[in-house]
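Shown here: structure25.cif, mmCIF, C-alpha atoms and all ligand atoms.
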```cif
data_entry
#
loop_
_atom_site.label_atom_id
_atom_site.label_comp_id
_atom_site.auth_asym_id
_atom_site.auth_seq_id
_atom_site.Cartn_x
_atom_site.Cartn_y
_atom_site.Cartn_z
CA MET A 1 0.55 47.75 -54.24
CA ARG A 2 -1.54 50.70 -55.31
CA LYS A 3 -4.66 51.13 -53.23
CA PRO A 4 -7.58 51.92 -55.53
CA LEU A 5 -9.12 55.38 -55.21
CA ILE A 6 -12.70 56.27 -55.99
CA ALA A 7 -13.13 60.05 -55.97
CA GLY A 8 -16.47 61.80 -56.37
CA ASN A 9 -16.33 65.13 -58.19
CA TRP A 10 -19.61 66.72 -57.18
CA LYS A 11 -18.99 69.66 -59.54
CA MET A 12 -21.34 72.59 -58.81
CA ASN A 13 -23.92 70.50 -56.97
CA LEU A 14 -25.18 70.25 -53.37
CA ASN A 15 -25.19 72.98 -50.73
CA HIS A 16 -23.58 72.39 -47.34
CA LEU A 17 -26.67 70.81 -45.82
CA GLU A 18 -27.05 68.44 -48.75
CA ALA A 19 -23.34 67.70 -48.50
CA ILE A 20 -23.70 66.62 -44.87
CA ALA A 21 -26.65 64.38 -45.76
CA LEU A 22 -24.73 62.69 -48.59
CA VAL A 23 -21.56 62.08 -46.56
CA GLN A 24 -23.68 60.67 -43.71
CA LYS A 25 -25.36 58.25 -46.11
CA LEU A 26 -21.99 57.13 -47.48
CA ALA A 27 -20.60 56.68 -43.98
CA PHE A 28 -23.63 54.65 -42.98
CA ALA A 29 -23.43 52.32 -45.98
CA LEU A 30 -19.68 51.79 -46.26
CA ASN A 31 -17.87 49.71 -43.64
CA ASP A 32 -14.30 49.03 -42.57
CA LYS A 33 -13.98 46.16 -45.04
CA ASP A 34 -14.79 48.57 -47.87
CA PHE A 35 -12.32 51.16 -46.64
CA ASP A 36 -9.61 48.53 -46.29
CA LYS A 37 -9.99 47.77 -50.00
CA VAL A 38 -10.52 51.21 -51.46
CA GLU A 39 -9.87 54.83 -50.58
CA VAL A 40 -13.10 56.79 -50.86
CA ALA A 41 -12.90 60.53 -51.50
CA VAL A 42 -15.47 63.25 -52.02
CA LEU A 43 -14.70 66.52 -53.80
CA PRO A 44 -17.48 68.97 -52.90
CA PRO A 45 -17.79 72.65 -53.78
CA TYR A 46 -15.64 74.97 -51.62
CA THR A 47 -18.67 76.15 -49.65
CA ASP A 48 -19.28 72.61 -48.35
CA LEU A 49 -15.76 71.84 -47.20
CA ARG A 50 -16.05 73.16 -43.64
CA SER A 51 -19.22 71.13 -43.06
CA VAL A 52 -17.66 67.98 -44.50
CA GLN A 53 -14.55 68.51 -42.37
CA THR A 54 -16.62 68.89 -39.20
CA LEU A 55 -18.53 65.69 -39.94
CA VAL A 56 -15.49 63.63 -40.92
CA ASP A 57 -13.45 64.80 -37.91
CA GLY A 58 -16.30 64.59 -35.42
CA ASP A 59 -17.33 61.07 -36.38
CA LYS A 60 -13.81 59.90 -37.29
CA LEU A 61 -14.96 58.83 -40.73
CA ARG A 62 -12.56 57.11 -43.10
CA ILE A 63 -13.88 59.16 -46.03
CA VAL A 64 -11.32 61.69 -47.25
CA TYR A 65 -12.11 64.89 -49.10
CA GLY A 66 -10.68 67.61 -51.23
CA ALA A 67 -11.45 70.57 -53.45
CA GLN A 68 -12.21 70.79 -57.16
CA ASP A 69 -9.52 73.39 -57.87
CA LEU A 70 -7.15 75.79 -56.11
CA SER A 71 -5.36 79.03 -56.89
CA GLN A 72 -1.83 79.04 -58.23
CA HIS A 73 -1.15 81.86 -55.73
CA ASP A 74 -0.63 81.40 -52.00
CA ALA A 75 -2.26 84.63 -50.75
CA GLY A 76 -2.94 88.22 -51.76
CA ALA A 77 -5.15 90.39 -53.94
CA TYR A 78 -6.77 87.67 -56.02
CA THR A 79 -10.49 88.23 -55.54
CA ALA A 80 -12.55 85.04 -55.20
CA GLU A 81 -9.54 82.72 -55.38
CA ILE A 82 -8.97 79.95 -52.82
CA SER A 83 -5.42 79.10 -51.80
CA GLY A 84 -3.81 75.78 -51.08
CA ALA A 85 -3.10 77.04 -47.56
CA MET A 86 -6.83 77.56 -46.97
CA LEU A 87 -7.61 74.08 -48.24
CA ALA A 88 -4.87 72.53 -46.13
CA LYS A 89 -6.30 74.26 -43.06
CA LEU A 90 -9.66 72.62 -43.83
CA GLY A 91 -8.02 69.21 -43.87
CA CYS A 92 -8.23 68.66 -47.62
CA THR A 93 -6.22 65.70 -48.86
CA TYR A 94 -6.77 66.38 -52.55
CA ALA A 95 -7.39 69.12 -55.09
CA VAL A 96 -8.53 68.44 -58.63
CA ILE A 97 -6.34 70.32 -61.09
CA GLY A 98 -6.84 70.83 -64.81
CA HIS A 99 -10.34 69.41 -65.10
CA SER A 100 -11.52 69.70 -68.69
CA GLU A 101 -14.38 71.95 -67.57
CA ARG A 102 -11.79 74.38 -66.15
CA ARG A 103 -9.68 74.10 -69.30
CA GLN A 104 -12.73 74.64 -71.51
CA TYR A 105 -14.84 77.23 -69.66
CA HIS A 106 -12.07 79.10 -67.82
CA ARG A 107 -9.33 78.83 -70.41
CA GLU A 108 -6.89 77.06 -68.12
CA ASP A 109 -3.85 76.05 -70.12
CA ASP A 110 -0.98 73.69 -69.40
CA ASP A 111 1.14 76.49 -67.85
CA LEU A 112 -1.58 77.37 -65.35
CA VAL A 113 -2.17 73.70 -64.60
CA ASN A 114 1.54 73.29 -63.90
CA ALA A 115 1.51 76.35 -61.61
CA LYS A 116 -1.45 74.88 -59.71
CA VAL A 117 0.30 71.52 -59.29
CA LEU A 118 3.29 73.39 -57.82
CA ALA A 119 0.94 75.36 -55.53
CA ALA A 120 -0.76 72.18 -54.29
CA TYR A 121 2.57 70.61 -53.34
CA ARG A 122 3.65 73.78 -51.51
CA HIS A 123 0.76 73.09 -49.13
CA SER A 124 1.03 69.29 -49.01
CA ILE A 125 -2.15 68.80 -51.00
CA THR A 126 -2.18 65.90 -53.43
CA PRO A 127 -3.16 66.92 -56.94
CA ILE A 128 -5.69 64.87 -58.86
CA LEU A 129 -4.39 65.94 -62.24
CA CYS A 130 -6.92 65.61 -65.04
CA VAL A 131 -5.82 64.93 -68.59
CA GLY A 132 -7.72 63.78 -71.64
CA GLU A 133 -8.50 64.47 -75.25
CA GLY A 134 -11.53 65.94 -76.99
CA LEU A 135 -13.55 64.14 -79.63
CA GLU A 136 -11.71 65.58 -82.63
CA VAL A 137 -8.34 64.54 -81.28
CA ARG A 138 -9.67 61.05 -80.56
CA GLN A 139 -11.12 60.74 -84.04
CA ALA A 140 -7.80 61.80 -85.55
CA GLY A 141 -6.02 59.14 -83.48
CA GLY A 142 -4.02 61.67 -81.46
CA HIS A 143 -5.41 60.76 -78.04
CA VAL A 144 -2.30 59.14 -76.57
CA ALA A 145 0.10 61.87 -77.71
CA HIS A 146 -2.27 64.63 -76.56
CA THR A 147 -2.89 63.16 -73.13
CA VAL A 148 0.72 62.21 -72.45
CA GLY A 149 1.74 65.75 -73.51
CA GLN A 150 -0.65 67.25 -70.95
CA LEU A 151 0.90 65.05 -68.27
CA GLU A 152 4.41 66.06 -69.19
CA ASN A 153 3.56 69.77 -69.13
CA ALA A 154 1.77 69.52 -65.79
CA LEU A 155 4.81 67.86 -64.19
CA ARG A 156 7.39 70.46 -65.20
CA LYS A 157 9.62 71.38 -62.20
CA ILE A 158 7.99 68.70 -60.04
CA PRO A 159 10.67 66.58 -58.37
CA ALA A 160 10.25 62.83 -57.91
CA GLU A 161 9.63 63.12 -54.13
CA GLN A 162 6.46 65.04 -54.96
CA ALA A 163 5.46 63.40 -58.23
CA GLN A 164 5.34 59.98 -56.61
CA SER A 165 2.19 60.95 -54.73
CA ILE A 166 0.31 62.50 -57.65
CA VAL A 167 -2.99 61.03 -58.80
CA VAL A 168 -3.58 61.23 -62.54
CA ALA A 169 -7.12 61.05 -63.90
CA TYR A 170 -7.61 60.17 -67.54
CA GLU A 171 -10.86 61.80 -68.54
CA PRO A 172 -11.62 61.75 -72.26
CA VAL A 173 -13.67 64.91 -72.74
CA TRP A 174 -16.11 63.17 -75.09
CA ALA A 175 -17.04 60.74 -72.30
CA ILE A 176 -17.79 63.33 -69.61
CA GLY A 177 -21.46 63.69 -68.77
CA THR A 178 -22.43 62.19 -72.11
CA GLY A 179 -23.20 58.62 -71.08
CA GLU A 180 -20.54 57.74 -73.67
CA VAL A 181 -18.14 55.70 -71.56
CA ALA A 182 -14.75 54.76 -72.99
CA THR A 183 -14.37 51.00 -73.28
CA PRO A 184 -12.18 49.41 -70.60
CA GLU A 185 -9.63 48.78 -73.37
CA ASP A 186 -9.66 52.48 -74.37
CA ALA A 187 -9.05 53.44 -70.75
CA GLN A 188 -6.28 50.87 -70.37
CA GLU A 189 -4.50 51.99 -73.55
CA VAL A 190 -4.15 55.59 -72.37
CA CYS A 191 -3.53 54.80 -68.69
CA ALA A 192 -0.71 52.43 -69.68
CA ALA A 193 0.81 55.14 -71.89
CA LEU A 194 0.62 57.64 -69.03
CA ARG A 195 2.40 55.21 -66.72
CA GLU A 196 5.05 54.57 -69.35
CA ARG A 197 5.71 58.30 -69.67
CA LEU A 198 5.98 58.61 -65.87
CA ALA A 199 8.65 55.90 -66.01
CA GLU A 200 10.51 57.89 -68.68
CA LEU A 201 10.20 61.19 -66.82
CA TYR A 202 11.19 59.66 -63.47
CA ASP A 203 11.70 55.90 -63.10
CA THR A 204 9.73 52.66 -63.18
CA GLU A 205 9.52 52.46 -59.41
CA LEU A 206 7.81 55.84 -59.26
CA ALA A 207 5.56 54.98 -62.20
CA ALA A 208 4.47 51.79 -60.43
CA LYS A 209 3.44 53.81 -57.36
CA VAL A 210 1.29 56.44 -59.06
CA ARG A 211 -2.46 55.89 -59.15
CA ILE A 212 -4.10 56.51 -62.49
CA LEU A 213 -7.89 56.87 -62.52
CA TYR A 214 -10.41 56.76 -65.32
CA GLY A 215 -13.22 59.33 -65.45
CA GLY A 216 -16.15 59.81 -67.81
CA SER A 217 -19.68 58.44 -67.35
CA VAL A 218 -18.61 55.95 -64.69
CA LYS A 219 -21.61 54.15 -63.19
CA SER A 220 -22.15 51.06 -61.08
CA GLY A 221 -22.91 49.14 -64.28
CA ASN A 222 -19.52 49.78 -65.92
CA ILE A 223 -17.10 50.14 -62.98
CA ALA A 224 -16.19 46.44 -62.78
CA GLY A 225 -14.84 46.33 -66.34
CA ILE A 226 -12.86 49.52 -65.81
CA MET A 227 -11.34 48.29 -62.53
CA ALA A 228 -10.30 45.02 -64.17
CA GLN A 229 -7.69 46.86 -66.25
CA PRO A 230 -4.13 46.53 -64.94
CA ASP A 231 -3.21 50.23 -65.26
CA VAL A 232 -6.50 51.67 -64.00
CA ASP A 233 -6.41 52.24 -60.25
CA GLY A 234 -9.79 53.79 -59.65
CA ALA A 235 -12.28 56.30 -60.95
CA LEU A 236 -13.06 59.99 -60.88
CA VAL A 237 -16.85 59.98 -60.83
CA GLY A 238 -19.04 62.96 -61.72
CA GLY A 239 -22.81 62.64 -61.97
CA ALA A 240 -23.04 59.26 -60.24
CA SER A 241 -21.12 60.51 -57.20
CA ILE A 242 -24.00 62.61 -55.87
CA ASP A 243 -26.31 59.61 -55.68
CA ALA A 244 -25.41 57.82 -52.45
CA GLY A 245 -26.65 54.37 -53.46
CA GLU A 246 -24.96 54.50 -56.82
CA TYR A 247 -21.70 55.83 -55.39
CA VAL A 248 -21.56 53.11 -52.74
CA LYS A 249 -21.92 50.47 -55.47
CA ILE A 250 -19.15 52.14 -57.47
CA CYS A 251 -16.92 52.09 -54.36
CA ARG A 252 -17.53 48.34 -54.24
CA PHE A 253 -16.77 47.99 -57.99
CA SER A 254 -20.10 46.28 -58.39
CA ASP A 255 -23.66 47.02 -59.44
CA VAL A 256 -24.87 44.65 -56.77
CA ALA A 257 -25.94 46.32 -53.51
CA GLY A 258 -23.95 44.76 -50.67
O1 LIG A 301 -15.87 64.93 -65.16
C1 LIG A 301 -16.03 63.89 -64.55
C2 LIG A 301 -15.39 63.68 -63.24
O2 LIG A 301 -14.45 64.65 -62.96
C3 LIG A 301 -16.90 62.81 -65.08
O3 LIG A 301 -18.21 63.24 -65.05
P1 LIG A 301 -19.39 62.19 -65.34
O4 LIG A 301 -19.10 60.99 -64.46
O5 LIG A 301 -20.63 62.91 -64.96
O6 LIG A 301 -19.29 61.83 -66.79
#
```
Have the structure of the file written as structure tokens, please.
Ligand SMILES: O=C(CO)COP(=O)(O)O
Amino acid sequence: MRKPLIAGNWKMNLNHLEAIALVQKLAFALNDKDFDKVEVAVLPPYTDLRSVQTLVDGDKLRIVYGAQDLSQHDAGAYTAEISGAMLAKLGCTYAVIGHSERRQYHREDDDLVNAKVLAAYRHSITPILCVGEGLEVRQAGGHVAHTVGQLENALRKIPAEQAQSIVVAYEPVWAIGTGEVATPEDAQEVCAALRERLAELYDTELAAKVRILYGGSVKSGNIAGIMAQPDVDGALVGGASIDAGEYVKICRFSDVAG
């Protein structure tokens, strides 16, 4: 059985003091019953990671955390880059790789995304690999081919022992930060196709293990429908993840405060 994962991509929001306050609020509201049902992750900016680590370790919280990116290099003269080794040392479980904002604003292509997936595995960090089509591709009906192609390219030279732990996030670019959420059926169509391609690239057993998330304008009001889809195993949440009350409801797959 795949344990659902709700991961909060804070993007470039919250300094380290605000990060501590938010994680404390989440820890206060969520209980063991919640954590038994769902894995809850936060993905703060790099500058917050040490503070989040200290809090999580000190209070033995069940919240896990990771970074929003990493370098494809392990060390050296790469000014301002952050290596997988550094993230591993800070206790990061995850690193987001290939987010559409990185692809769009920093010209990250499939080759770089693949190199970053390889780098993450070198340091035992689990990639949250983002894939998804833009509006024009969707309108032309090419969304499945485009997204599955991104997956295939990102997994080049990744053996099954590693690929089995990957998290894939389907994030249609037109649904990110727009309030334009994909319908649960849209999400299911692409997530099912991604799983099918994983079965072709590896085998059905591996494909059945991999968690595939949906991301794009996820809120407490639409999470239940998304989670009801058989091939959707959680959500990568942007804007709503920096609002503690809203994020807690999303972690419970419900817009009802519990
Ligand atoms: O990009 C996203 C998560 O990585 C989604 O962002 P929003 O939830 O703000 O649409």
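Across the structure, CA of Val232 in chain A and CA of Val218 in chain A are spaced 12.9 Å apart.
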Can you list, as a count of residues only, every protein, DNA or RNA residue that comes within 12 Å of Cys92 in chain A when you count only C-alpha atoms, leaving out same-chain residues fewer than 5 positions away? 32
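When only C-alpha atoms and all ligand atoms are used to measure the gap to ligand LIG 301 (chain A), the shortest distance among A:Ala80, A:Ile128, A:Ala187, A:Ala115 belongs to A:Ile128.
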Would you give me, as JSON lines, each residue of chain A having an atom within 10 Å of an atom of ligand LIG 301 (chain A), along with its shortest atom pair and that distance in Å to one decimal, using only C-alpha atoms and all ligand atoms and sorting by chain and residue number?
```
{"residue": "A:Ala7", "atom": "CA", "partner": "A:LIG301", "partner_atom": "C2", "distance": 8.4}
{"residue": "A:Gly8", "atom": "CA", "partner": "A:LIG301", "partner_atom": "C2", "distance": 7.2}
{"residue": "A:Asn9", "atom": "CA", "partner": "A:LIG301", "partner_atom": "O2", "distance": 5.1}
{"residue": "A:Trp10", "atom": "CA", "partner": "A:LIG301", "partner_atom": "C2", "distance": 8.0}
{"residue": "A:Lys11", "atom": "CA", "partner": "A:LIG301", "partner_atom": "O2", "distance": 7.6}
{"residue": "A:Leu43", "atom": "CA", "partner": "A:LIG301", "partner_atom": "O2", "distance": 9.4}
{"residue": "A:Gln68", "atom": "CA", "partner": "A:LIG301", "partner_atom": "O2", "distance": 8.7}
{"residue": "A:Val96", "atom": "CA", "partner": "A:LIG301", "partner_atom": "O2", "distance": 8.3}
{"residue": "A:Gly98", "atom": "CA", "partner": "A:LIG301", "partner_atom": "O2", "distance": 10.0}
{"residue": "A:His99", "atom": "CA", "partner": "A:LIG301", "partner_atom": "O2", "distance": 6.6}
{"residue": "A:Ser100", "atom": "CA", "partner": "A:LIG301", "partner_atom": "O1", "distance": 7.4}
{"residue": "A:Glu101", "atom": "CA", "partner": "A:LIG301", "partner_atom": "O1", "distance": 7.6}
{"residue": "A:Ile128", "atom": "CA", "partner": "A:LIG301", "partner_atom": "O2", "distance": 9.7}
{"residue": "A:Cys130", "atom": "CA", "partner": "A:LIG301", "partner_atom": "O2", "distance": 7.9}
{"residue": "A:Ala169", "atom": "CA", "partner": "A:LIG301", "partner_atom": "O2", "distance": 8.2}
{"residue": "A:Tyr170", "atom": "CA", "partner": "A:LIG301", "partner_atom": "O2", "distance": 9.4}
{"residue": "A:Glu171", "atom": "CA", "partner": "A:LIG301", "partner_atom": "O1", "distance": 6.8}
{"residue": "A:Pro172", "atom": "CA", "partner": "A:LIG301", "partner_atom": "O1", "distance": 8.9}
{"residue": "A:Val173", "atom": "CA", "partner": "A:LIG301", "partner_atom": "O1", "distance": 7.9}
{"residue": "A:Trp174", "atom": "CA", "partner": "A:LIG301", "partner_atom": "O6", "distance": 9.0}
{"residue": "A:Ala175", "atom": "CA", "partner": "A:LIG301", "partner_atom": "O6", "distance": 6.1}
{"residue": "A:Ile176", "atom": "CA", "partner": "A:LIG301", "partner_atom": "O6", "distance": 3.5}
{"residue": "A:Gly177", "atom": "CA", "partner": "A:LIG301", "partner_atom": "O6", "distance": 3.5}
{"residue": "A:Thr178", "atom": "CA", "partner": "A:LIG301", "partner_atom": "O6", "distance": 6.2}
{"residue": "A:Gly179", "atom": "CA", "partner": "A:LIG301", "partner_atom": "O6", "distance": 6.6}
{"residue": "A:Glu180", "atom": "CA", "partner": "A:LIG301", "partner_atom": "O6", "distance": 8.1}
{"residue": "A:Val181", "atom": "CA", "partner": "A:LIG301", "partner_atom": "O6", "distance": 7.9}
{"residue": "A:Tyr214", "atom": "CA", "partner": "A:LIG301", "partner_atom": "C2", "distance": 8.8}
{"residue": "A:Gly215", "atom": "CA", "partner": "A:LIG301", "partner_atom": "C3", "distance": 5.1}
{"residue": "A:Gly216", "atom": "CA", "partner": "A:LIG301", "partner_atom": "O6", "distance": 3.9}
{"residue": "A:Ser217", "atom": "CA", "partner": "A:LIG301", "partner_atom": "O6", "distance": 3.5}
{"residue": "A:Val218", "atom": "CA", "partner": "A:LIG301", "partner_atom": "O4", "distance": 5.1}
{"residue": "A:Lys219", "atom": "CA", "partner": "A:LIG301", "partner_atom": "O4", "distance": 7.4}
{"residue": "A:Ala235", "atom": "CA", "partner": "A:LIG301", "partner_atom": "C2", "distance": 8.3}
{"residue": "A:Leu236", "atom": "CA", "partner": "A:LIG301", "partner_atom": "C2", "distance": 5.0}
{"residue": "A:Val237", "atom": "CA", "partner": "A:LIG301", "partner_atom": "O4", "distance": 4.4}
{"residue": "A:Gly238", "atom": "CA", "partner": "A:LIG301", "partner_atom": "O4", "distance": 3.4}
{"residue": "A:Gly239", "atom": "CA", "partner": "A:LIG301", "partner_atom": "O5", "distance": 3.7}
{"residue": "A:Ala240", "atom": "CA", "partner": "A:LIG301", "partner_atom": "O4", "distance": 6.0}
{"residue": "A:Ser241", "atom": "CA", "partner": "A:LIG301", "partner_atom": "O4", "distance": 7.6}
{"residue": "A:Ile242", "atom": "CA", "partner": "A:LIG301", "partner_atom": "O5", "distance": 9.7}
```
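Between CA of Val168 in chain A and CA of Arg197 in chain A there is a distance of 12.1 Å.
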CA of Gln139 in chain A to CA of Gln104 in chain A, distance in Å rounded to a single decimal: 18.8 Å
Looking at A:Asp109, A:Glu189, A:Glu152, A:Glu246, which one is nearest to Ser220 in chain A, with distances taken over all atoms listed in the file? A:Glu246
Would you mind telling me which residue in A:Pro184, A:Arg62, A:Lys157, A:Val190 lies nearest to Val131 in chain A when using only C-alpha atoms? A:Val190
Determine, counting all atoms listed in the file, which protein, DNA and RNA residues have an atom within 8 Å of an atom of Ala119 in chain A; residues of the same chain fewer than 2 positions away are not included. Present the result as an mmCIF file with C-alpha atoms, in the coordinates of the input.
```
data_model
loop_
_atom_site.group_PDB
_atom_site.id
_atom_site.type_symbol
_atom_site.label_atom_id
_atom_site.label_comp_id
_atom_site.auth_asym_id
_atom_site.auth_seq_id
_atom_site.Cartn_x
_atom_site.Cartn_y
_atom_site.Cartn_z
ATOM 1 C CA SER A 71 -5.360 79.030 -56.890
ATOM 2 C CA GLN A 72 -1.830 79.040 -58.230
ATOM 3 C CA HIS A 73 -1.150 81.860 -55.730
ATOM 4 C CA ASP A 74 -0.630 81.400 -52.000
ATOM 5 C CA GLY A 84 -3.810 75.780 -51.080
ATOM 6 C CA ALA A 115 1.510 76.350 -61.610
ATOM 7 C CA LYS A 116 -1.450 74.880 -59.710
ATOM 8 C CA VAL A 117 0.300 71.520 -59.290
ATOM 9 C CA TYR A 121 2.570 70.610 -53.340
ATOM 10 C CA ARG A 122 3.650 73.780 -51.510
ATOM 11 C CA HIS A 123 0.760 73.090 -49.130
#
```
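Distances from A:His16, A:Ile223, A:Lys3, A:Tyr202 to Lys249 in chain A were compared using only C-alpha atoms, and the smallest one belongs to A:Ile223.
Nearest residue to Asp111 in chain A, choosing from A:Ala21, A:Leu155, A:Gly141, A:Ser51 and counting only C-alpha atoms: A:Leu155.
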Determine, counting only C-alpha atoms, which protein, DNA and RNA residues have an atom within 9 Å of an atom of Arg2 in chain A; residues of the same chain fewer than 2 positions away are not included. Present the result as a PyMOL selection string. chain A and resi 4-5+208-211+233
Skip Ala207 in chain A itself and residues of its chain fewer than 4 positions away, then list as an MDAnalysis selection string all residues within 8 Å of it, counting all atoms listed in the file. chainID A and resid 164 195:196 198:199 202:203
Output of the above residues as an mmCIF file, in the frame of the given file, restricted to C-alpha atoms:
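Output (part33.cif):
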```
data_model
loop_
_atom_site.group_PDB
_atom_site.id
_atom_site.type_symbol
_atom_site.label_atom_id
_atom_site.label_comp_id
_atom_site.auth_asym_id
_atom_site.auth_seq_id
_atom_site.Cartn_x
_atom_site.Cartn_y
_atom_site.Cartn_z
ATOM 1 C CA GLN A 164 5.340 59.980 -56.610
ATOM 2 C CA ARG A 195 2.400 55.210 -66.720
ATOM 3 C CA GLU A 196 5.050 54.570 -69.350
ATOM 4 C CA LEU A 198 5.980 58.610 -65.870
ATOM 5 C CA ALA A 199 8.650 55.900 -66.010
ATOM 6 C CA TYR A 202 11.190 59.660 -63.470
ATOM 7 C CA ASP A 203 11.700 55.900 -63.100
#
```
